[in-house]
$ cat data07.cif   # mmCIF, C-alpha atoms and all ligand atoms
data_entry
loop_
_atom_site.label_atom_id
_atom_site.label_comp_id
_atom_site.auth_asym_id
_atom_site.auth_seq_id
_atom_site.Cartn_x
_atom_site.Cartn_y
_atom_site.Cartn_z
CA MET E 100 4.95 16.88 -8.15
CA ARG E 101 3.64 13.60 -6.74
CA ARG E 102 1.09 13.89 -3.97
CA PRO E 103 2.19 11.76 -1.01
CA ILE E 104 -0.09 8.97 0.09
CA ILE E 105 -0.25 7.49 3.58
CA ALA E 106 -2.22 4.28 3.89
CA GLY E 107 -3.03 2.37 7.07
CA ASN E 108 -3.07 -1.40 6.81
CA TRP E 109 -5.07 -2.60 9.80
CA LYS E 110 -4.48 -6.27 8.92
CA MET E 111 -6.65 -8.69 10.96
CA ASN E 112 -7.16 -6.36 13.90
CA MET E 113 -10.06 -4.54 15.59
CA THR E 114 -13.59 -5.41 16.52
CA ARG E 115 -16.38 -3.43 14.94
CA GLU E 116 -16.66 -1.13 17.94
CA GLU E 117 -12.91 -0.55 18.06
CA ALA E 118 -12.88 0.16 14.35
CA GLU E 119 -15.64 2.74 14.69
CA ASN E 120 -13.89 4.43 17.60
CA LEU E 121 -10.57 4.54 15.78
CA ILE E 122 -12.12 6.14 12.71
CA LEU E 123 -14.10 8.70 14.70
CA ASP E 124 -10.95 9.57 16.63
CA LEU E 125 -8.90 9.86 13.44
CA ILE E 126 -11.22 12.02 11.34
CA PRO E 127 -10.61 15.38 13.08
CA LYS E 128 -6.89 14.65 13.53
CA VAL E 129 -6.14 14.38 9.80
CA VAL E 130 -8.48 17.04 8.51
CA ASP E 131 -5.55 19.29 7.54
CA ALA E 132 -3.55 16.56 5.81
CA GLU E 133 -1.66 17.65 2.73
CA CYS E 134 -1.44 14.11 1.40
CA ASP E 135 -3.88 11.38 0.40
CA VAL E 136 -5.00 9.52 3.52
CA VAL E 137 -6.25 5.96 3.15
CA ILE E 138 -7.43 3.42 5.71
CA CYS E 139 -7.59 -0.27 4.86
CA PRO E 140 -9.76 -1.99 7.49
CA PRO E 141 -10.65 -5.68 7.39
CA ALA E 142 -13.20 -6.43 4.67
CA CYS E 143 -16.04 -6.97 7.15
CA PHE E 144 -15.75 -3.36 8.31
CA LEU E 145 -15.46 -1.70 4.91
CA GLU E 146 -19.10 -0.72 4.74
CA THR E 147 -19.10 0.75 8.27
CA ALA E 148 -15.81 2.54 7.61
CA GLY E 149 -17.10 3.87 4.30
CA ARG E 150 -20.16 5.31 6.00
CA LEU E 151 -18.11 6.99 8.74
CA ILE E 152 -15.54 8.58 6.40
CA LYS E 153 -18.06 9.79 3.84
CA LYS E 154 -17.60 13.54 3.38
CA THR E 155 -14.13 13.46 5.02
CA ASN E 156 -10.68 13.55 3.40
CA ILE E 157 -10.05 9.89 4.30
CA ARG E 158 -10.32 7.38 1.47
CA LEU E 159 -11.20 3.71 1.72
CA GLY E 160 -8.87 0.84 0.83
CA CYS E 161 -9.01 -2.94 1.19
CA GLN E 162 -6.27 -5.45 2.00
CA ASN E 163 -6.86 -7.92 -0.82
CA VAL E 164 -8.95 -8.51 -3.92
CA HIS E 165 -9.72 -11.59 -5.97
CA TRP E 166 -8.54 -11.95 -9.58
CA ALA E 167 -11.79 -13.28 -11.03
CA ASP E 168 -14.92 -11.31 -11.84
CA LYS E 169 -17.16 -13.63 -9.83
CA GLY E 170 -17.98 -17.29 -9.29
CA ALA E 171 -17.25 -20.30 -7.13
CA PHE E 172 -14.48 -18.88 -4.95
CA THR E 173 -15.76 -19.42 -1.42
CA GLY E 174 -14.61 -16.78 1.02
CA GLU E 175 -13.25 -14.43 -1.60
CA ILE E 176 -14.26 -10.87 -2.51
CA SER E 177 -14.34 -9.47 -6.03
CA ALA E 178 -13.19 -6.07 -7.22
CA ALA E 179 -16.73 -5.21 -8.32
CA MET E 180 -18.03 -5.97 -4.80
CA LEU E 181 -15.35 -3.75 -3.30
CA LYS E 182 -16.07 -1.00 -5.78
CA SER E 183 -19.74 -1.13 -4.79
CA LEU E 184 -18.62 -0.31 -1.21
CA ASN E 185 -16.74 2.75 -2.51
CA VAL E 186 -13.33 1.15 -2.07
CA GLU E 187 -10.78 3.23 -3.98
CA TYR E 188 -7.50 1.45 -3.17
CA ALA E 189 -6.49 -2.20 -2.82
CA ILE E 190 -3.32 -3.46 -1.16
CA ILE E 191 -2.12 -6.26 -3.44
CA GLY E 192 0.71 -8.71 -2.89
CA HIS E 193 1.47 -7.81 0.72
CA SER E 194 4.35 -9.98 1.94
CA GLU E 195 1.99 -11.67 4.42
CA ARG E 196 -0.26 -12.71 1.51
CA ARG E 197 2.77 -13.93 -0.39
CA GLN E 198 4.11 -15.83 2.64
CA TYR E 199 0.95 -17.32 4.17
CA PHE E 200 -1.33 -17.56 1.14
CA GLY E 201 1.16 -18.44 -1.57
CA GLU E 202 0.60 -15.37 -3.71
CA THR E 203 2.99 -15.29 -6.65
CA ASP E 204 3.93 -12.40 -8.93
CA GLU E 205 1.61 -13.89 -11.54
CA LEU E 206 -1.33 -13.88 -9.13
CA VAL E 207 -0.46 -10.38 -8.00
CA ASN E 208 -0.48 -9.31 -11.64
CA SER E 209 -3.97 -10.76 -12.24
CA LYS E 210 -5.26 -9.01 -9.12
CA VAL E 211 -3.72 -5.71 -10.21
CA ILE E 212 -5.40 -6.03 -13.61
CA LYS E 213 -8.78 -6.82 -12.04
CA ALA E 214 -8.55 -3.90 -9.61
CA LEU E 215 -7.71 -1.48 -12.42
CA GLN E 216 -10.55 -2.81 -14.59
CA ASN E 217 -12.90 -1.94 -11.74
CA GLY E 218 -11.53 1.53 -11.09
CA ILE E 219 -9.63 0.59 -7.92
CA THR E 220 -6.07 1.84 -7.48
CA PRO E 221 -3.66 -0.97 -6.58
CA ILE E 222 -1.06 -0.48 -3.87
CA ILE E 223 1.39 -3.16 -4.95
CA CYS E 224 3.75 -4.42 -2.26
CA VAL E 225 7.29 -5.55 -3.06
CA GLY E 226 10.28 -6.18 -0.83
CA GLU E 227 13.11 -8.52 0.02
CA SER E 228 13.80 -10.84 2.95
CA LEU E 229 16.74 -10.31 5.29
CA ASP E 230 18.62 -13.18 3.67
CA GLN E 231 18.17 -11.63 0.26
CA ARG E 232 19.42 -8.26 1.50
CA ARG E 233 22.43 -9.88 3.16
CA ALA E 234 23.19 -11.78 -0.04
CA GLY E 235 23.07 -8.57 -2.09
CA GLU E 236 20.02 -9.77 -4.02
CA THR E 237 17.65 -6.94 -3.09
CA ASP E 238 17.78 -4.94 -6.32
CA GLU E 239 17.29 -7.87 -8.67
CA TRP E 240 14.52 -9.29 -6.47
CA VAL E 241 12.44 -6.11 -6.30
CA ARG E 242 13.02 -5.51 -10.02
CA SER E 243 11.61 -8.95 -10.80
CA GLN E 244 8.61 -8.37 -8.50
CA VAL E 245 7.91 -5.06 -10.24
CA ARG E 246 8.24 -6.66 -13.69
CA GLY E 247 5.87 -9.45 -12.67
CA ALA E 248 3.26 -7.20 -11.09
CA LEU E 249 3.14 -4.73 -13.99
CA LYS E 250 3.13 -7.27 -16.82
CA GLY E 251 0.75 -6.38 -19.64
CA LEU E 252 -0.24 -2.99 -18.19
CA SER E 253 -0.14 0.20 -20.23
CA ALA E 254 2.03 3.15 -19.22
CA PHE E 255 -1.16 5.09 -18.55
CA GLU E 256 -2.38 2.45 -16.09
CA VAL E 257 0.97 2.29 -14.34
CA GLN E 258 1.05 6.07 -13.88
CA SER E 259 -2.02 5.89 -11.66
CA LEU E 260 -0.96 3.15 -9.31
CA VAL E 261 1.06 2.96 -6.13
CA ILE E 262 3.97 0.69 -5.23
CA ALA E 263 4.87 0.09 -1.58
CA TYR E 264 8.48 -0.90 -0.98
CA GLU E 265 8.29 -3.02 2.15
CA PRO E 266 11.42 -4.88 3.20
CA ILE E 267 10.03 -8.02 4.84
CA TRP E 268 12.53 -7.78 7.69
CA ALA E 269 11.12 -4.38 8.64
CA ILE E 270 7.44 -5.32 8.71
CA GLY E 271 6.03 -5.54 12.21
CA THR E 272 9.50 -5.97 13.68
CA GLY E 273 10.20 -2.48 14.95
CA VAL E 274 13.32 -2.49 12.75
CA THR E 275 13.08 0.19 10.08
CA ALA E 276 15.13 0.47 6.94
CA THR E 277 17.38 3.51 7.13
CA SER E 278 16.23 6.39 4.99
CA GLU E 279 19.25 5.69 2.74
CA GLN E 280 18.30 2.01 2.30
CA ALA E 281 14.67 2.90 1.63
CA GLY E 282 15.58 5.74 -0.74
CA GLU E 283 18.08 3.60 -2.62
CA THR E 284 15.74 0.66 -3.19
CA ILE E 285 12.87 2.95 -4.11
CA GLY E 286 15.27 4.46 -6.67
CA VAL E 287 15.85 0.97 -8.06
CA ILE E 288 12.09 0.48 -8.35
CA ARG E 289 11.60 3.81 -10.12
CA THR E 290 14.39 3.00 -12.55
CA ALA E 291 12.78 -0.38 -13.23
CA VAL E 292 9.51 1.40 -14.08
CA LYS E 293 11.42 3.75 -16.37
CA GLU E 294 13.06 0.85 -18.18
CA LEU E 295 9.78 -1.03 -18.53
CA PHE E 296 7.75 2.04 -19.60
CA ASP E 297 9.22 5.54 -19.85
CA GLU E 298 10.55 8.44 -17.81
CA PHE E 299 7.18 10.18 -17.56
CA THR E 300 5.61 7.05 -16.06
CA ALA E 301 8.49 6.65 -13.61
CA ASP E 302 8.07 10.27 -12.54
CA LYS E 303 4.34 9.87 -12.02
CA ILE E 304 4.08 6.58 -10.14
CA ARG E 305 3.93 6.97 -6.38
CA ILE E 306 6.23 4.76 -4.33
CA GLN E 307 5.70 4.41 -0.59
CA TYR E 308 7.95 2.99 2.06
CA GLY E 309 6.48 0.48 4.53
CA GLY E 310 8.03 -1.31 7.49
CA SER E 311 7.74 -0.15 11.11
CA MET E 312 7.11 3.44 10.08
CA ASN E 313 5.96 5.47 13.09
CA PRO E 314 5.86 9.05 14.35
CA GLY E 315 9.51 8.74 15.43
CA ASN E 316 10.97 7.88 12.04
CA ALA E 317 8.37 9.07 9.52
CA LYS E 318 9.74 12.57 9.11
CA GLU E 319 13.21 11.40 8.14
CA LEU E 320 11.97 8.65 5.83
CA MET E 321 9.59 10.97 4.08
CA SER E 322 12.20 13.65 3.63
CA MET E 323 13.90 11.39 1.05
CA PRO E 324 13.08 12.80 -2.39
CA GLY E 325 11.83 9.52 -3.95
CA ILE E 326 9.63 8.42 -1.04
CA ASP E 327 6.01 9.37 -1.67
CA GLY E 328 4.49 8.41 1.67
CA GLY E 329 4.06 5.23 3.62
CA LEU E 330 2.14 2.04 4.13
CA ILE E 331 1.66 1.82 7.86
CA GLY E 332 0.76 -1.31 9.80
CA GLY E 333 1.03 -1.22 13.61
CA ALA E 334 1.07 2.57 13.90
CA SER E 335 -2.18 2.83 11.93
CA LEU E 336 -4.07 1.19 14.80
CA LYS E 337 -3.66 4.24 17.02
CA ALA E 338 -5.30 7.46 15.84
CA ASP E 339 -2.61 9.68 17.35
CA ASP E 340 0.27 7.75 15.79
CA PHE E 341 -1.33 7.44 12.37
CA ALA E 342 -2.30 11.12 12.38
CA ALA E 343 1.26 12.11 13.35
CA VAL E 344 2.66 10.15 10.40
CA VAL E 345 0.06 11.69 8.08
CA LEU E 346 0.92 15.20 9.22
CA TYR E 347 4.65 14.66 8.54
CA SER E 348 3.87 13.97 4.93
CA LYS E 349 4.07 17.22 3.00
C1 LIG M 401 2.64 -3.47 6.72
O1 LIG M 401 2.09 -4.46 7.15
O2 LIG M 401 2.44 -3.11 5.55
C2 LIG M 401 3.52 -2.73 7.61
C3 LIG M 401 4.30 -1.84 7.10
O3 LIG M 401 3.46 -3.06 8.95
P1 LIG M 401 4.27 -2.34 10.15
O4 LIG M 401 4.12 -0.85 9.93
O5 LIG M 401 3.61 -2.80 11.38
O6 LIG M 401 5.68 -2.78 10.03
#
$ encode --input "data07.cif" --output "structure tokens"
Amino acid sequence: MRRPIIAGNWKMNMTREEAENLILDLIPKVVDAECDVVICPPACFLETAGRLIKKTNIRLGCQNVHWADKGAFTGEISAAMLKSLNVEYAIIGHSERRQYFGETDELVNSKVIKALQNGITPIICVGESLDQRRAGETDEWVRSQVRGALKGLSAFEVQSLVIAYEPIWAIGTGVTATSEQAGETIGVIRTAVKELFDEFTADKIRIQYGGSMNPGNAKELMSMPGIDGGLIGGASLKADDFAAVVLYSK
């Protein structure tokens, strides 16, 4: 049995005070969660968030990580720095990073390797554009993203990580993939992992859905057998909404 994981990607939102209030509001609401609950605040609030969620069932994640150990990379943050703030998860290869910051599968792969070397669990994002879906290219595209992201990893490493299937056309748009679309593409991803590694690894890896998931659609999406939780953007900025999604995940 895979334990579901719900992660909130706050993106570039919230002031420090808002972040503190959101976390304090959220803590009692998710105390009975039967899944892993992760919040991924902006990097400048990781320390504050880490302090507030200490001794709770909420885990800390970040939205990006650099691929090098350290050095002359102005503005960047290393995996070791994140680890020292008790970060346990790192979103890697989000479509916004791929689109606005030119992140390629190769770069995603180096970031995944660096996170794992530092004991941080990657949440690797993959997903197709609307044009690709309309052209029937979804399966081959996500397969190639998975191949690229997992290159050089051992089966053991892959078993521990998380993949988020996030169709780009569903992110922040209010348009959600149907549970059939999400389930089908997540099935393609799991089969790709099986072909690259083995059946045991494919059974172990957790695959989330992400893209306008909210309290109104979470239950149906998460009832699909292959969907192991969600990566939540907009709805993670409201404690009630995020908690409702978390509590649907059993
Ligand atoms: C995301 O950014 O990963 C995401 C899924 O955003 P939203 O839930 O707002 O579509």
$ residues_around --input "data07.cif" --residues "stretch 176-182 of chain E" --least-positions-apart "5" --cutoff "8 Å" --atoms "only C-alpha atoms" --output "VMD selection string"
chain E and resid 161 164 to 169 187 213 to 214 217 to 219
$ residues_near_ligand --input "data07.cif" --ligand "ligand LIG 401 (chain M)" --cutoff "9 Å" --atoms "all atoms listed in the file" --output "PyMOL selection string"
chain E and resi 106-110+190+193-195+224+263+265-275+308-313+329-335
$ atom_distance --input "data07.cif" --atom1 "atom CA of E:Leu260" --atom2 "atom CA of E:Gly174"
26.3 Å
$ residues_near_point --input "data07.cif" --point "(13.4, -2.5, 0.3)" --cutoff "8 Å" --atoms "only C-alpha atoms" --output "ChimeraX atom specification"
/E:225-227,237,241,264-267,276,280-281,284-285,308
$ atom_distance --input "data07.cif" --atom1 "atom CA of E:Glu117" --atom2 "atom CA of E:Pro141"
12.1 Å
$ closest_residue --input "data07.cif" --among "E:Glu116, E:Asp230, E:Glu205, E:Glu319" --to "E:Val245" --atoms "all atoms listed in the file"
E:Glu205
$ atom_distance --input "data07.cif" --atom1 "atom CA of E:Gly192" --atom2 "atom CA of E:Leu121"
25.5 Å
$ axis_aligned_box --input "data07.cif" --around "stretch 243-251 of chain E" --padding-each-side "6 Å" --output "JSON"
{"center_x": 6.2, "center_y": -7.1, "center_z": -14.1, "size_x": 22.9, "size_y": 16.7, "size_z": 23.1}
$ closest_residue --input "data07.cif" --among "E:Ile262, E:Ala189, E:Glu283, E:Ala291" --to "E:Glu239" --atoms "only C-alpha atoms"
E:Ala291
$ closest_residue --input "data07.cif" --among "E:Arg150, E:Thr155, E:Leu346, E:Leu252" --to "E:Pro127" --atoms "only C-alpha atoms"
E:Thr155
$ closest_residue --input "data07.cif" --among "E:Tyr199, E:Leu125, E:Pro221, E:Val136" --to "E:Gln162" --atoms "only C-alpha atoms"
E:Pro221
$ closest_residue --input "data07.cif" --among "E:Lys303, E:Val129, E:Gly251, E:Leu184" --to "E:Met100" --atoms "only C-alpha atoms"
E:Lys303
$ closest_residue --input "data07.cif" --among "E:Thr290, E:Ser348, E:Thr147, E:Ser253" --to "E:Pro314" --atoms "all atoms listed in the file"
E:Ser348
$ build_atoms --input "data07.cif" --residues "stretch 256-271 of chain E" --atoms "N, CA and C atoms" --output "PDB file, in the coordinates of the input"
ATOM      1  N   GLU E 256      -1.886   3.145 -17.297  1.00  0.00           N
ATOM      2  CA  GLU E 256      -2.380   2.450 -16.090  1.00  0.00           C
ATOM      3  C   GLU E 256      -1.338   2.523 -14.973  1.00  0.00           C
ATOM      4  N   VAL E 257      -0.091   2.319 -15.352  1.00  0.00           N
ATOM      5  CA  VAL E 257       0.970   2.290 -14.340  1.00  0.00           C
ATOM      6  C   VAL E 257       1.132   3.660 -13.666  1.00  0.00           C
ATOM      7  N   GLN E 258       0.905   4.713 -14.436  1.00  0.00           N
ATOM      8  CA  GLN E 258       1.050   6.070 -13.880  1.00  0.00           C
ATOM      9  C   GLN E 258       0.117   6.313 -12.701  1.00  0.00           C
ATOM     10  N   SER E 259      -1.015   5.613 -12.694  1.00  0.00           N
ATOM     11  CA  SER E 259      -2.020   5.890 -11.660  1.00  0.00           C
ATOM     12  C   SER E 259      -1.808   5.069 -10.389  1.00  0.00           C
ATOM     13  N   LEU E 260      -0.986   4.054 -10.468  1.00  0.00           N
ATOM     14  CA  LEU E 260      -0.960   3.150  -9.310  1.00  0.00           C
ATOM     15  C   LEU E 260       0.148   3.485  -8.313  1.00  0.00           C
ATOM     16  N   VAL E 261       0.144   2.711  -7.242  1.00  0.00           N
ATOM     17  CA  VAL E 261       1.060   2.960  -6.130  1.00  0.00           C
ATOM     18  C   VAL E 261       1.861   1.681  -5.885  1.00  0.00           C
ATOM     19  N   ILE E 262       3.158   1.835  -5.660  1.00  0.00           N
ATOM     20  CA  ILE E 262       3.970   0.690  -5.230  1.00  0.00           C
ATOM     21  C   ILE E 262       4.422   0.969  -3.794  1.00  0.00           C
ATOM     22  N   ALA E 263       4.345  -0.053  -2.948  1.00  0.00           N
ATOM     23  CA  ALA E 263       4.870   0.090  -1.580  1.00  0.00           C
ATOM     24  C   ALA E 263       6.126  -0.774  -1.487  1.00  0.00           C
ATOM     25  N   TYR E 264       7.256  -0.128  -1.236  1.00  0.00           N
ATOM     26  CA  TYR E 264       8.480  -0.900  -0.980  1.00  0.00           C
ATOM     27  C   TYR E 264       8.487  -1.262   0.501  1.00  0.00           C
ATOM     28  N   GLU E 265       8.359  -2.552   0.766  1.00  0.00           N
ATOM     29  CA  GLU E 265       8.290  -3.020   2.150  1.00  0.00           C
ATOM     30  C   GLU E 265       9.288  -4.154   2.378  1.00  0.00           C
ATOM     31  N   PRO E 266      10.477  -3.814   2.881  1.00  0.00           N
ATOM     32  CA  PRO E 266      11.420  -4.880   3.200  1.00  0.00           C
ATOM     33  C   PRO E 266      10.780  -5.805   4.248  1.00  0.00           C
ATOM     34  N   ILE E 267      10.755  -7.090   3.962  1.00  0.00           N
ATOM     35  CA  ILE E 267      10.030  -8.020   4.840  1.00  0.00           C
ATOM     36  C   ILE E 267      10.580  -7.972   6.263  1.00  0.00           C
ATOM     37  N   TRP E 268      11.885  -7.782   6.373  1.00  0.00           N
ATOM     38  CA  TRP E 268      12.530  -7.780   7.690  1.00  0.00           C
ATOM     39  C   TRP E 268      12.150  -6.550   8.515  1.00  0.00           C
ATOM     40  N   ALA E 269      11.499  -5.586   7.891  1.00  0.00           N
ATOM     41  CA  ALA E 269      11.120  -4.380   8.640  1.00  0.00           C
ATOM     42  C   ALA E 269       9.636  -4.370   8.989  1.00  0.00           C
ATOM     43  N   ILE E 270       8.886  -5.339   8.490  1.00  0.00           N
ATOM     44  CA  ILE E 270       7.440  -5.320   8.710  1.00  0.00           C
ATOM     45  C   ILE E 270       7.096  -5.916  10.071  1.00  0.00           C
ATOM     46  N   GLY E 271       6.503  -5.078  10.900  1.00  0.00           N
ATOM     47  CA  GLY E 271       6.030  -5.540  12.210  1.00  0.00           C
ATOM     48  C   GLY E 271       7.150  -5.913  13.171  1.00  0.00           C
TER      49      GLY E 271
END
